[in-house]
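Enquirer: Here it is, the structure in full.
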Amino acid sequence: MKASLKGRYANEKNTTAATFSVNAGDIKLQASITDATVVDGSSLNGLTLAVEKPGSFIIDYDVPKKDFRFQFMNTVRVAELPLKLTYIHSRGDNRTVFDGALIFDSANKVSGNYTLGTGNCNLKYSYVHDEVTTFEQCYDWGKNAWDFEVSRRVADDVFKATYQTWNSDLALEWSRNSKFNGTFKISAHMNLAEESKIPRIIAESSWDLEI
């Protein structure tokens, strides 16, 4: 059995979560809990059960909400290029999302998603330079606005900057993925349109364990 522990520390609230998974052939069974599950176990708040076949499907069940979420993945070839397709449907809010990613080569990728019945549609282009620096630009038809992102990998560290034009939100992030010390991420978010421009700091850490 594998376990994943995650903590999130923010200005306004701290949260913890844990995920337990076991393989049954090519199927993975998962159970996820949050601190709300432990504090008030009788309500089962934060408890989610999942069945996953990697690269094929994921079925989530939110126990307290009695809500299913279905996700199906497939890859087809278009003009000899791989096109990754994902269908996501949440039964509770009757929300359906279609995702697609067309990979031209190791450096260039175009992806997009569309939420059925809302008009929300995003189109993103991603370019990787020298396998360490990634540039992304995304256009959101629903907001009629652009988002920009640049990230650079230095050994185990990744430094990222994101800017959303529709709300003038700037985010700076530093993350590290280590097989010995787990994964951590520290990010600072600020709204450049606000006069104070006080950043909101979020720290996240996670560890993967074999039980």
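Following the order of the structure tokens, chains are lettered A, B, ..., residues in each are numbered from 1, and ligands are numbered from 1.
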A:Thr48: which residues within 9 Å, counting only C-alpha atoms, same-chain residues fewer than 6 positions away excluded, as a list of chain:residue names?
Expert: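 Result of the neighbour search: A:Gln30, A:Ala31, A:Ser32, A:Ile33, A:Asp60, A:Tyr61, A:Asp62, A:Val63, A:Pro64.
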Enquirer: The selected residues should be written to file as a CSV table (one decimal), in the first residue's frame (atoms: all heavy atoms).
Expert:
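Final output, result08.csv:
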```
chain,number,residue,atom,x,y,z
A,30,GLN,N,-8.2,3.9,-4.3
A,30,GLN,CA,-7.7,5.0,-3.5
A,30,GLN,C,-8.8,5.5,-2.5
A,30,GLN,O,-10.0,5.4,-2.8
A,30,GLN,CB,-7.3,6.2,-4.4
A,30,GLN,CG,-6.1,6.0,-5.3
A,30,GLN,CD,-5.7,7.2,-6.0
A,30,GLN,OE1,-6.6,8.1,-6.3
A,30,GLN,NE2,-4.5,7.4,-6.4
A,31,ALA,N,-8.3,5.9,-1.4
A,31,ALA,CA,-9.2,6.6,-0.4
A,31,ALA,C,-8.4,7.8,0.1
A,31,ALA,O,-7.2,7.8,0.4
A,31,ALA,CB,-9.4,5.7,0.8
A,32,SER,N,-9.1,9.0,0.1
A,32,SER,CA,-8.5,10.3,0.5
A,32,SER,C,-9.3,10.8,1.6
A,32,SER,O,-10.6,10.8,1.6
A,32,SER,CB,-8.5,11.2,-0.7
A,32,SER,OG,-7.8,10.7,-1.8
A,33,ILE,N,-8.6,11.4,2.6
A,33,ILE,CA,-9.2,12.1,3.7
A,33,ILE,C,-8.6,13.4,3.9
A,33,ILE,O,-7.4,13.7,3.5
A,33,ILE,CB,-9.1,11.2,5.0
A,33,ILE,CG1,-7.6,11.0,5.4
A,33,ILE,CG2,-9.8,9.9,4.9
A,33,ILE,CD1,-7.4,10.3,6.7
A,60,ASP,N,-14.4,8.9,-9.2
A,60,ASP,CA,-14.3,9.4,-7.8
A,60,ASP,C,-15.7,9.4,-7.2
A,60,ASP,O,-16.7,9.7,-7.9
A,60,ASP,CB,-13.8,10.9,-7.8
A,60,ASP,CG,-12.3,10.9,-8.2
A,60,ASP,OD1,-11.6,10.1,-7.8
A,60,ASP,OD2,-12.0,11.9,-8.9
A,61,TYR,N,-15.8,9.1,-5.9
A,61,TYR,CA,-17.0,9.2,-5.2
A,61,TYR,C,-16.8,10.0,-3.9
A,61,TYR,O,-16.1,9.6,-3.0
A,61,TYR,CB,-17.5,7.8,-4.8
A,61,TYR,CG,-18.9,7.8,-4.0
A,61,TYR,CD1,-20.0,8.3,-4.6
A,61,TYR,CD2,-18.9,7.3,-2.7
A,61,TYR,CE1,-21.2,8.3,-3.9
A,61,TYR,CE2,-20.1,7.3,-2.0
A,61,TYR,CZ,-21.3,7.8,-2.6
A,61,TYR,OH,-22.4,7.9,-1.9
A,62,ASP,N,-17.5,11.2,-3.8
A,62,ASP,CA,-17.5,12.0,-2.7
A,62,ASP,C,-18.5,11.5,-1.7
A,62,ASP,O,-19.7,11.6,-1.9
A,62,ASP,CB,-17.8,13.5,-3.1
A,62,ASP,CG,-17.5,14.4,-1.9
A,62,ASP,OD1,-17.9,14.1,-0.8
A,62,ASP,OD2,-17.0,15.5,-2.2
A,63,VAL,N,-18.0,10.9,-0.6
A,63,VAL,CA,-18.9,10.2,0.3
A,63,VAL,C,-19.9,11.1,1.0
A,63,VAL,O,-21.1,10.8,1.0
A,63,VAL,CB,-18.1,9.4,1.4
A,63,VAL,CG1,-19.0,8.7,2.4
A,63,VAL,CG2,-17.2,8.3,0.7
A,64,PRO,N,-19.5,12.2,1.6
A,64,PRO,CA,-20.5,13.0,2.3
A,64,PRO,C,-21.5,13.7,1.3
A,64,PRO,O,-22.7,13.9,1.7
A,64,PRO,CB,-19.7,14.1,3.0
A,64,PRO,CG,-18.4,14.1,2.3
A,64,PRO,CD,-18.2,12.7,1.9
```
Enquirer: Please run DSSP on the backbone and report, as a ChimeraX atom specification, all residues within chain A that come out as strand (DSSP E or B).
Expert: /A:2-10,14-24,27-34,48-53,57-62,67-78,81-90,95-103,108-115,121-129,133-140,145-154,157-164,169-178,182-191,200-210
Enquirer: Do you know which residues are at most 10 Å from stretch 181-196 of chain A counting only C-alpha atoms, after dropping those on the same chain fewer than 4 positions away, and could you put them as an MDAnalysis selection string?
Expert: chainID A and resid 4:10 156:164 167:177 200:209
Enquirer: I'd like the contact shell of A:Asn144 - 12 Å cut-off, only C-alpha atoms, skipping same-chain residues fewer than 5 positions apart - returned as a ChimeraX atom specification.
Expert: /A:119-123,138-139,164-167
Enquirer: Could you write those residues out with N, CA, C and O atoms, as a PDB file, in the first residue's frame?
Expert:
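That gives us selection_20.pdb:
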```pdb
ATOM      1  N   GLY A 119     -19.900  28.240 -22.289  1.00  0.00           N
ATOM      2  CA  GLY A 119     -19.132  29.139 -23.133  1.00  0.00           C
ATOM      3  C   GLY A 119     -17.706  29.326 -22.666  1.00  0.00           C
ATOM      4  O   GLY A 119     -16.926  30.048 -23.299  1.00  0.00           O
ATOM      5  N   ASN A 120     -17.341  28.679 -21.536  1.00  0.00           N
ATOM      6  CA  ASN A 120     -15.968  28.772 -21.034  1.00  0.00           C
ATOM      7  C   ASN A 120     -15.054  27.884 -21.870  1.00  0.00           C
ATOM      8  O   ASN A 120     -15.218  26.656 -21.908  1.00  0.00           O
ATOM      9  N   CYS A 121     -14.090  28.502 -22.540  1.00  0.00           N
ATOM     10  CA  CYS A 121     -13.189  27.770 -23.411  1.00  0.00           C
ATOM     11  C   CYS A 121     -11.797  28.395 -23.309  1.00  0.00           C
ATOM     12  O   CYS A 121     -11.649  29.620 -23.386  1.00  0.00           O
ATOM     13  N   ASN A 122     -10.785  27.556 -23.106  1.00  0.00           N
ATOM     14  CA  ASN A 122      -9.399  28.014 -23.011  1.00  0.00           C
ATOM     15  C   ASN A 122      -8.566  27.337 -24.088  1.00  0.00           C
ATOM     16  O   ASN A 122      -8.754  26.150 -24.380  1.00  0.00           O
ATOM     17  N   LEU A 123      -7.625  28.091 -24.645  1.00  0.00           N
ATOM     18  CA  LEU A 123      -6.674  27.543 -25.610  1.00  0.00           C
ATOM     19  C   LEU A 123      -5.277  27.960 -25.189  1.00  0.00           C
ATOM     20  O   LEU A 123      -5.009  29.147 -24.983  1.00  0.00           O
ATOM     21  N   CYS A 138      -2.107  31.517 -22.621  1.00  0.00           N
ATOM     22  CA  CYS A 138      -3.436  30.930 -22.671  1.00  0.00           C
ATOM     23  C   CYS A 138      -4.471  32.019 -22.888  1.00  0.00           C
ATOM     24  O   CYS A 138      -4.422  33.073 -22.242  1.00  0.00           O
ATOM     25  N   TYR A 139      -5.399  31.765 -23.802  1.00  0.00           N
ATOM     26  CA  TYR A 139      -6.491  32.713 -24.029  1.00  0.00           C
ATOM     27  C   TYR A 139      -7.788  32.111 -23.517  1.00  0.00           C
ATOM     28  O   TYR A 139      -8.135  30.976 -23.847  1.00  0.00           O
ATOM     29  N   GLN A 164      -2.199  36.806 -14.661  1.00  0.00           N
ATOM     30  CA  GLN A 164      -3.536  36.782 -15.240  1.00  0.00           C
ATOM     31  C   GLN A 164      -3.958  38.217 -15.545  1.00  0.00           C
ATOM     32  O   GLN A 164      -4.047  39.053 -14.635  1.00  0.00           O
ATOM     33  N   THR A 165      -4.201  38.492 -16.833  1.00  0.00           N
ATOM     34  CA  THR A 165      -4.511  39.874 -17.213  1.00  0.00           C
ATOM     35  C   THR A 165      -5.901  40.303 -16.790  1.00  0.00           C
ATOM     36  O   THR A 165      -6.133  41.489 -16.543  1.00  0.00           O
ATOM     37  N   TRP A 166      -6.851  39.368 -16.680  1.00  0.00           N
ATOM     38  CA  TRP A 166      -8.235  39.754 -16.397  1.00  0.00           C
ATOM     39  C   TRP A 166      -8.415  40.301 -14.989  1.00  0.00           C
ATOM     40  O   TRP A 166      -9.303  41.121 -14.740  1.00  0.00           O
ATOM     41  N   ASN A 167      -7.560  39.880 -14.042  1.00  0.00           N
ATOM     42  CA  ASN A 167      -7.688  40.400 -12.679  1.00  0.00           C
ATOM     43  C   ASN A 167      -6.380  40.961 -12.130  1.00  0.00           C
ATOM     44  O   ASN A 167      -6.273  41.254 -10.936  1.00  0.00           O
TER      45      ASN A 167
END
```
Enquirer: Kindly give the distance, in Å, that separates atom CA of A:Phe57 and atom CA of A:Asn113, rounded to a single decimal.
Expert: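 A separation of 17.6 Å between them.
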Enquirer: Which one of A:Phe104, A:Phe70, A:Tyr125, A:Phe180 sits closest to A:Pro82 if you count only C-alpha atoms?
Expert: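 The shortest atom-to-atom distance to A:Pro82 comes from A:Phe104.
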